[in-house]
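One structure is given below, encoded as structure tokens.
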Amino acid sequence: MAYDQQLQERFYELRNTIRQQLFSHLNVEQFKAVETGAGPVLCLAGAGSGKTMAMVNRILHLYIFGPIYNARPELSHGLNQEEIELMENWLKNSEEMGTRTLSPQVMRLINMEGIQPRSILAITFTNKAAEEMQSRLEALLGEKAREIWVMTFHKACVRILRREITALGYSSDFTIYDDYDHLQVIKKAIASLNLDDKKFTPRAISSLISRYKCELKEPADVLKKALDFWQEKGVQVYELYQKELKKNNALDFDDLITLTVKLFSEHQDVLEKYQKRFLYIMVDEYQDTNHAQYRLVNLLAEKHNNIFVVGDDDQSIYSFRQADIRNILEFERDFSRATLIKLECNYRSTQRILTAANEVIKNNTGRKQKVLWTQNPEGELLIQYRAADEKDEARFIGEKIFELGDKGSSYQDCAVLIRTNAQSRALEERFMKTGIPYRIFGGQKFYERMEIKDIMGYLKLLVNPSDSVSLRRIINVPRRGIGEATIQKIEGFAVEQGLSLYEAVDKYTEIDKSSKALKEAAGFVRFMEKIKEEAKDISITALTEKILTETGYIEGLTKDNTIESQSRLENLKEFLTVTNDYDEKTSEPSMSDFLSQICLVSDLDSYEDEQNTVTIMTMHMAKGLEFSNIFIGGLEEGIFPHSRSLMDDELEEERRLCYVALTRAKERIYLIYAKQRNLFGRRSYNLPSRFLEEIPLGLWEEYKRVSTFFETSYEANATSSKGTALMLDYVLGDKVEHKKWGQGVIVGTSGQGEEIELQVAFPGMGIKTVLARYAPLQKVQ
DNA sequence: ATCTTACCGATTTTT
DNA sequence: TCGGTAAGAT
């Protein structure tokens with residue numbers, strides 16, 4: 001055998017050993033997922049099974065070794081002994097030191113027929129997941145990683161549509177309507193069809209439209225079908241709604257997906273362009289795809305069939321947003337010869353937590369068989385607590401958080417998961433009183449705040465003058481004395497003349513100058529035109545500031561000088577830091593890009609775990625996160641499972657939600673239910689949740705509050721060990737210093753014994769109620 | 001045009 | 001209970 005051939009044999013052998021070594025930190029299943037490069041793959045990844053690890057490494061594997069791991073690509077040049085030694089040395093070194101970073105020389109040697117990063121499309125559902133994956137890819141691939149499209153469905157679609165949407169008769173400056181804007185259009189459509197808005201609620205119509213869109217059905221497709229009166233009218237609203245959106249050159253969230261599908265279906269050339277580009281497609285959280293997203297992925301993948309989807313049918317909790325669990329259950333039917341890989345080894349939770357989760361989810365039918373296991377220790381028993389009411393529930397949670405603190409947990413290791421946002425109230429009150437730092441996610445979102453929507457209305461209208469929803473929003477904000485009657489008049493004119501609302505304001509105010517309102521409206525258009533001119537030379541931040549001052553928006557809020565107006569000003573300041581960030585970090589800033597970016601983020605995207613606070617959030621929002629200690633509140637029939645799900649036969653989804661909640665925990669779980677709780681202002685008595693019964697005895701123990709006598713001494717101990725200022729007598733008028741709020745004055749006291757409450761007035765922050773026992777207060781002379 | 005009061009209705013919401 | 005919306009008063 002020739003010497004060259006021996007070298008070659010040695011080279012291939014070494015290359016494969018290096019390959020194994022590079023991924024030696026993965027388990028067998030993860031490695032299989034990583035090295036299966038070509039063809040369709042369904043990866044069922046249980047909670048905490050390291051699926052991001054698998055996805056990221058799979059991309060690395062594709063990049064270095066190409067799609068077929070045991071292929072022997074032709075060598076383009078001869079080999080010499082030195083090169084072989086280089087590889088041997090790397091291996092030796094790696095085995096000894098445990099490093100897995102390739103030197104550039106070794107990389108150059110073994111990287112043959114690897115896949116170009118720009119040919120990879122990796123789809124996630126949240127920006128957070130995308131960012132996480134992106135940064136891990138950059139750590140592995142360096143610069144090259146930026147060429148991979150790692151983004152959400154919606155972002156990818158916006159990118160494609162900005163380039164191609166003219167083929168569908170929209171302009172590429174289209175506006176994205178968020179949920180709120182979308183409801184405005186629906187309301188208008190309902191009104192113009194003279195429908196009874198008691199029967200046709202915007203919410204119901206919205207979900208009807210969304211359902212049709214996700215099924216890729218246009219109004220015309222549905223109209224022929226047999227429909228009852230309500231549905232028939234609903235479709236008419238849908239038709240009108242869609243026309244209005246197009247007139248406004250606006251897309252709603254669903255449109256981003258469905259119009260991309262439409263584009264690909266109707267324009268073969270465009271589809272082929274993207275098929276050619278994206279040779280390898282990966283989809284995260286596949287169980288959450290709806291039909292439109294499923295079509296989109298299939299269209300892109302059907303040419304090369306290199307599609308890798310990861311998901312967990314047991315974590316499908318978004319069916320109310322049209323996520324279709326069948327997409328995952330029937331993947332193997334859709335793609336013949338699909339490889340099935342199950343990741344069942346969990347790296348997150350204790351065995352006991354996993355057993356509890358497995359036992360609960362076992363009660364669901366029609367799922368892919370999957371049992372999580374772990375090498376982690378057995379762990380502590382789950383704790384169950386029967387609270388007297390929601391206040392007692394909050395108190396229990398607060399106390400346990402303090403106790404965990406003594407055991408070495410920080411606040412950020414604790415999360416309270418709830419079913420509905422309304423449950424956060426009692427918790428917030430208690431945490432506030434006892435000085436537990438917390439963050440609540442959910443409820444009013446930053447970009448949905450009035451002042452933010454107002455300023456965005458101005459910006460949107462500048463980019464897209466056809467956007468009549470934004471125009472309507474801001475034409476009288478701040479007050480210009482332009483009311484509904486004036487707008488109606490102009491709107492009539494617009495319809496008559498076939499103009500956009502903005503053009504109509506401009507033209508009509510030239511003809512009719514009869515009222516003060518119309519003069520103001522003319523001034524508004526002049527202002528917008530002036531700003532549009534000036535916008536050309538200044539940054540988005542400068543432009544935003546200009547609008548806020550020149551309209552008198554800031555001035556109005558400053559004059560109000562209420563707590564509310566102050567917080568609005570704060571929010572606007574915050575918005576300006578967002579624009580500033582964008583101005584600085586973007587190479588080619590553009591307003592429409594900025595606006596779509598903002599539309600597509602959620603508050604959770606800004607979640608930073610560096611902050612040492614307890615997290616309160618819904619179980620839905622907690623998906624994908626993990627905490628050492630999880631408290632699940634409101635485990636009562638009617639709350640969780642939610643009463644609505646009991647009626648609508650959606651118990652299995654609730655159970656999946658419970659599974660998601662349980663599998664967030666690394667070490668401890670506290671399960672709390674209350675005998676009674678205030679619900680909608682009335683007291684209600686609920687049975688303990690069925691999910692509690694589904695966790696077998698032996699996995700949990702009940703926490704029982706000891707008798708009053710012991711309770712008192714117990715609490716006194718807890719207090720003294722904390723060293724709070726309990727023993728100090730507070731007197732009205734005393735000056736105190738609070739850790740977070742600074743100096744304040746005691747303006748009231750109430751309660752007795754352990755539960756003495758103080759009302760403290762903090763300048764500029766109003767009056768706060770705190771529990772003397774817990775609050776980080778100190779008397780000031 | 002805008003402020004005030006009475007009513008209704010009330011999950012979850014990656015984008 | 002609270003918050004958002006729709007009709008009535010100024």
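For the structure tokens, the naming scheme is as follows: chains receive sequential letters (A, B, ...) according to their order of presentation, residues are indexed from 1 within each chain, and ligands are indexed from 1 in presentation order.
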
Near-Ala338 (chain A) list (7 Å; only C-alpha atoms (C1' of nucleotides); drop same-chain fewer than 3 positions) as an MDAnalysis selection string
chainID A and resid 40:42 332 335

With N, CA, C and O atoms kept, could you save the residues just selected as an mmCIF file, in the first residue's frame?
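The new file result_4.cif reads:
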data_model
loop_
_atom_site.group_PDB
_atom_site.id
_atom_site.type_symbol
_atom_site.label_atom_id
_atom_site.label_comp_id
_atom_site.auth_asym_id
_atom_site.auth_seq_id
_atom_site.Cartn_x
_atom_site.Cartn_y
_atom_site.Cartn_z
ATOM 1 N N PRO A 40 -35.080 14.451 6.724
ATOM 2 C CA PRO A 40 -35.980 14.938 7.773
ATOM 3 C C PRO A 40 -35.715 14.275 9.122
ATOM 4 O O PRO A 40 -35.516 13.072 9.185
ATOM 5 N N VAL A 41 -35.696 15.071 10.162
ATOM 6 C CA VAL A 41 -35.475 14.557 11.514
ATOM 7 C C VAL A 41 -36.519 15.139 12.461
ATOM 8 O O VAL A 41 -36.760 16.346 12.456
ATOM 9 N N LEU A 42 -37.137 14.267 13.230
ATOM 10 C CA LEU A 42 -38.023 14.732 14.292
ATOM 11 C C LEU A 42 -37.333 14.454 15.615
ATOM 12 O O LEU A 42 -37.026 13.307 15.939
ATOM 13 N N GLU A 332 -43.877 12.277 11.043
ATOM 14 C CA GLU A 332 -43.329 11.084 10.383
ATOM 15 C C GLU A 332 -44.178 10.642 9.201
ATOM 16 O O GLU A 332 -43.680 9.990 8.299
ATOM 17 N N PHE A 335 -43.246 13.386 6.368
ATOM 18 C CA PHE A 335 -41.928 13.177 5.785
ATOM 19 C C PHE A 335 -41.569 11.704 5.935
ATOM 20 O O PHE A 335 -41.226 11.255 7.032
#

Sorted by chain and rising residue number, which residues of chain B lie within 12 Å of chain A, and what are their closest atom pairs and distances in Å to one decimal, counting only C-alpha atoms (C1' of nucleotides), as JSON lines?
{"residue": "B:DA1", "atom": "C1'", "partner": "A:Gly483", "partner_atom": "CA", "distance": 6.1}
{"residue": "B:DT2", "atom": "C1'", "partner": "A:Gly483", "partner_atom": "CA", "distance": 9.3}
{"residue": "B:DC8", "atom": "C1'", "partner": "A:Lys198", "partner_atom": "CA", "distance": 10.7}
{"residue": "B:DG9", "atom": "C1'", "partner": "A:Phe680", "partner_atom": "CA", "distance": 9.8}
{"residue": "B:DA10", "atom": "C1'", "partner": "A:Phe680", "partner_atom": "CA", "distance": 7.5}
{"residue": "B:DT11", "atom": "C1'", "partner": "A:Thr420", "partner_atom": "CA", "distance": 6.3}
{"residue": "B:DT12", "atom": "C1'", "partner": "A:His620", "partner_atom": "CA", "distance": 6.6}
{"residue": "B:DT13", "atom": "C1'", "partner": "A:Arg321", "partner_atom": "CA", "distance": 7.4}
{"residue": "B:DT14", "atom": "C1'", "partner": "A:Thr126", "partner_atom": "CA", "distance": 4.9}
{"residue": "B:DT15", "atom": "C1'", "partner": "A:Leu600", "partner_atom": "CA", "distance": 5.7}

Please determine the contact residues of chain A with respect to chain C at a cut-off of 12 Å, counting only C-alpha atoms (C1' of nucleotides), and supply them as a PyMOL selection string.
chain A and resi 197-198+422+425+444+678-683

Coordinates-based distance that separates CA of Ile110 (chain A) from CA of Ala71 (chain A) (Å, one decimal)
12.3 Å

Taking the DSSP secondary structure from the backbone, can you list the residues of region 6-245 of chain A that are helix (DSSP H, G or I), as an MDAnalysis selection string?
chainID A and resid 6:22 28:35 51:65 81:97 104:110 117:119 127:147 153:168 179:192 202:214 219:223 229:245

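Of all the residues in region 429-626 of chain A, the ones DSSP labels as strand (DSSP E or B) from the backbone are Tyr438, Arg439, Ile440, Val614, Thr615, Ile616, Met617 and Thr618 of chain A.
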
If you keep all heavy atoms, can you produce a file of those selected residues as a PDB file, in the first residue's frame?
ATOM      1  N   TYR A 438     -39.358  41.882  43.853  1.00  0.00           N
ATOM      2  CA  TYR A 438     -40.017  40.987  42.904  1.00  0.00           C
ATOM      3  C   TYR A 438     -40.200  41.705  41.575  1.00  0.00           C
ATOM      4  O   TYR A 438     -40.147  42.930  41.488  1.00  0.00           O
ATOM      5  CB  TYR A 438     -41.393  40.572  43.438  1.00  0.00           C
ATOM      6  CG  TYR A 438     -42.341  41.739  43.587  1.00  0.00           C
ATOM      7  CD1 TYR A 438     -43.189  42.118  42.537  1.00  0.00           C
ATOM      8  CD2 TYR A 438     -42.369  42.489  44.760  1.00  0.00           C
ATOM      9  CE1 TYR A 438     -44.026  43.205  42.668  1.00  0.00           C
ATOM     10  CE2 TYR A 438     -43.192  43.575  44.892  1.00  0.00           C
ATOM     11  CZ  TYR A 438     -44.025  43.932  43.848  1.00  0.00           C
ATOM     12  OH  TYR A 438     -44.842  45.016  43.975  1.00  0.00           O
ATOM     13  N   ARG A 439     -40.394  40.921  40.553  1.00  0.00           N
ATOM     14  CA  ARG A 439     -40.778  41.446  39.248  1.00  0.00           C
ATOM     15  C   ARG A 439     -41.978  40.671  38.753  1.00  0.00           C
ATOM     16  O   ARG A 439     -41.996  39.442  38.833  1.00  0.00           O
ATOM     17  CB  ARG A 439     -39.642  41.284  38.237  1.00  0.00           C
ATOM     18  CG  ARG A 439     -38.626  42.402  38.275  1.00  0.00           C
ATOM     19  CD  ARG A 439     -37.542  42.148  37.275  1.00  0.00           C
ATOM     20  NE  ARG A 439     -36.829  40.916  37.593  1.00  0.00           N
ATOM     21  CZ  ARG A 439     -35.940  40.345  36.788  1.00  0.00           C
ATOM     22  NH1 ARG A 439     -35.674  40.889  35.618  1.00  0.00           N
ATOM     23  NH2 ARG A 439     -35.323  39.246  37.149  1.00  0.00           N
ATOM     24  N   ILE A 440     -42.954  41.379  38.259  1.00  0.00           N
ATOM     25  CA  ILE A 440     -44.122  40.711  37.694  1.00  0.00           C
ATOM     26  C   ILE A 440     -44.073  40.835  36.184  1.00  0.00           C
ATOM     27  O   ILE A 440     -43.893  41.931  35.658  1.00  0.00           O
ATOM     28  CB  ILE A 440     -45.423  41.337  38.216  1.00  0.00           C
ATOM     29  CG1 ILE A 440     -45.530  41.113  39.725  1.00  0.00           C
ATOM     30  CG2 ILE A 440     -46.626  40.741  37.513  1.00  0.00           C
ATOM     31  CD1 ILE A 440     -46.802  41.653  40.322  1.00  0.00           C
ATOM     32  N   VAL A 614     -37.457  38.051  42.975  1.00  0.00           N
ATOM     33  CA  VAL A 614     -38.345  36.923  42.767  1.00  0.00           C
ATOM     34  C   VAL A 614     -39.140  37.201  41.495  1.00  0.00           C
ATOM     35  O   VAL A 614     -39.484  38.342  41.209  1.00  0.00           O
ATOM     36  CB  VAL A 614     -39.305  36.777  43.966  1.00  0.00           C
ATOM     37  CG1 VAL A 614     -40.343  35.690  43.702  1.00  0.00           C
ATOM     38  CG2 VAL A 614     -38.525  36.474  45.234  1.00  0.00           C
ATOM     39  N   THR A 615     -39.400  36.176  40.721  1.00  0.00           N
ATOM     40  CA  THR A 615     -40.171  36.353  39.494  1.00  0.00           C
ATOM     41  C   THR A 615     -41.601  35.864  39.700  1.00  0.00           C
ATOM     42  O   THR A 615     -41.811  34.763  40.209  1.00  0.00           O
ATOM     43  CB  THR A 615     -39.525  35.557  38.354  1.00  0.00           C
ATOM     44  OG1 THR A 615     -38.212  36.046  38.136  1.00  0.00           O
ATOM     45  CG2 THR A 615     -40.333  35.690  37.077  1.00  0.00           C
ATOM     46  N   ILE A 616     -42.549  36.701  39.337  1.00  0.00           N
ATOM     47  CA  ILE A 616     -43.945  36.277  39.345  1.00  0.00           C
ATOM     48  C   ILE A 616     -44.414  36.294  37.906  1.00  0.00           C
ATOM     49  O   ILE A 616     -44.304  37.314  37.235  1.00  0.00           O
ATOM     50  CB  ILE A 616     -44.819  37.241  40.175  1.00  0.00           C
ATOM     51  CG1 ILE A 616     -44.310  37.318  41.618  1.00  0.00           C
ATOM     52  CG2 ILE A 616     -46.280  36.804  40.143  1.00  0.00           C
ATOM     53  CD1 ILE A 616     -45.018  38.377  42.449  1.00  0.00           C
ATOM     54  N   MET A 617     -44.893  35.183  37.425  1.00  0.00           N
ATOM     55  CA  MET A 617     -45.387  35.179  36.046  1.00  0.00           C
ATOM     56  C   MET A 617     -46.374  34.042  35.810  1.00  0.00           C
ATOM     57  O   MET A 617     -46.510  33.142  36.635  1.00  0.00           O
ATOM     58  CB  MET A 617     -44.224  35.081  35.058  1.00  0.00           C
ATOM     59  CG  MET A 617     -43.329  33.878  35.252  1.00  0.00           C
ATOM     60  SD  MET A 617     -42.179  33.582  33.878  1.00  0.00           S
ATOM     61  CE  MET A 617     -41.275  35.093  33.808  1.00  0.00           C
ATOM     62  N   THR A 618     -47.059  34.104  34.691  1.00  0.00           N
ATOM     63  CA  THR A 618     -47.964  33.016  34.353  1.00  0.00           C
ATOM     64  C   THR A 618     -47.144  31.814  33.905  1.00  0.00           C
ATOM     65  O   THR A 618     -46.004  31.941  33.472  1.00  0.00           O
ATOM     66  CB  THR A 618     -48.913  33.386  33.200  1.00  0.00           C
ATOM     67  OG1 THR A 618     -48.123  33.668  32.043  1.00  0.00           O
ATOM     68  CG2 THR A 618     -49.771  34.579  33.545  1.00  0.00           C
TER      69      THR A 618
END

At a cut-off of 10 Å, using only C-alpha atoms (C1' of nucleotides), what residues contact Leu543 (chain A)? Leave out same-chain residues fewer than 6 positions from it and give the result as a ChimeraX atom specification.
/A:459,531-532,534-537,579
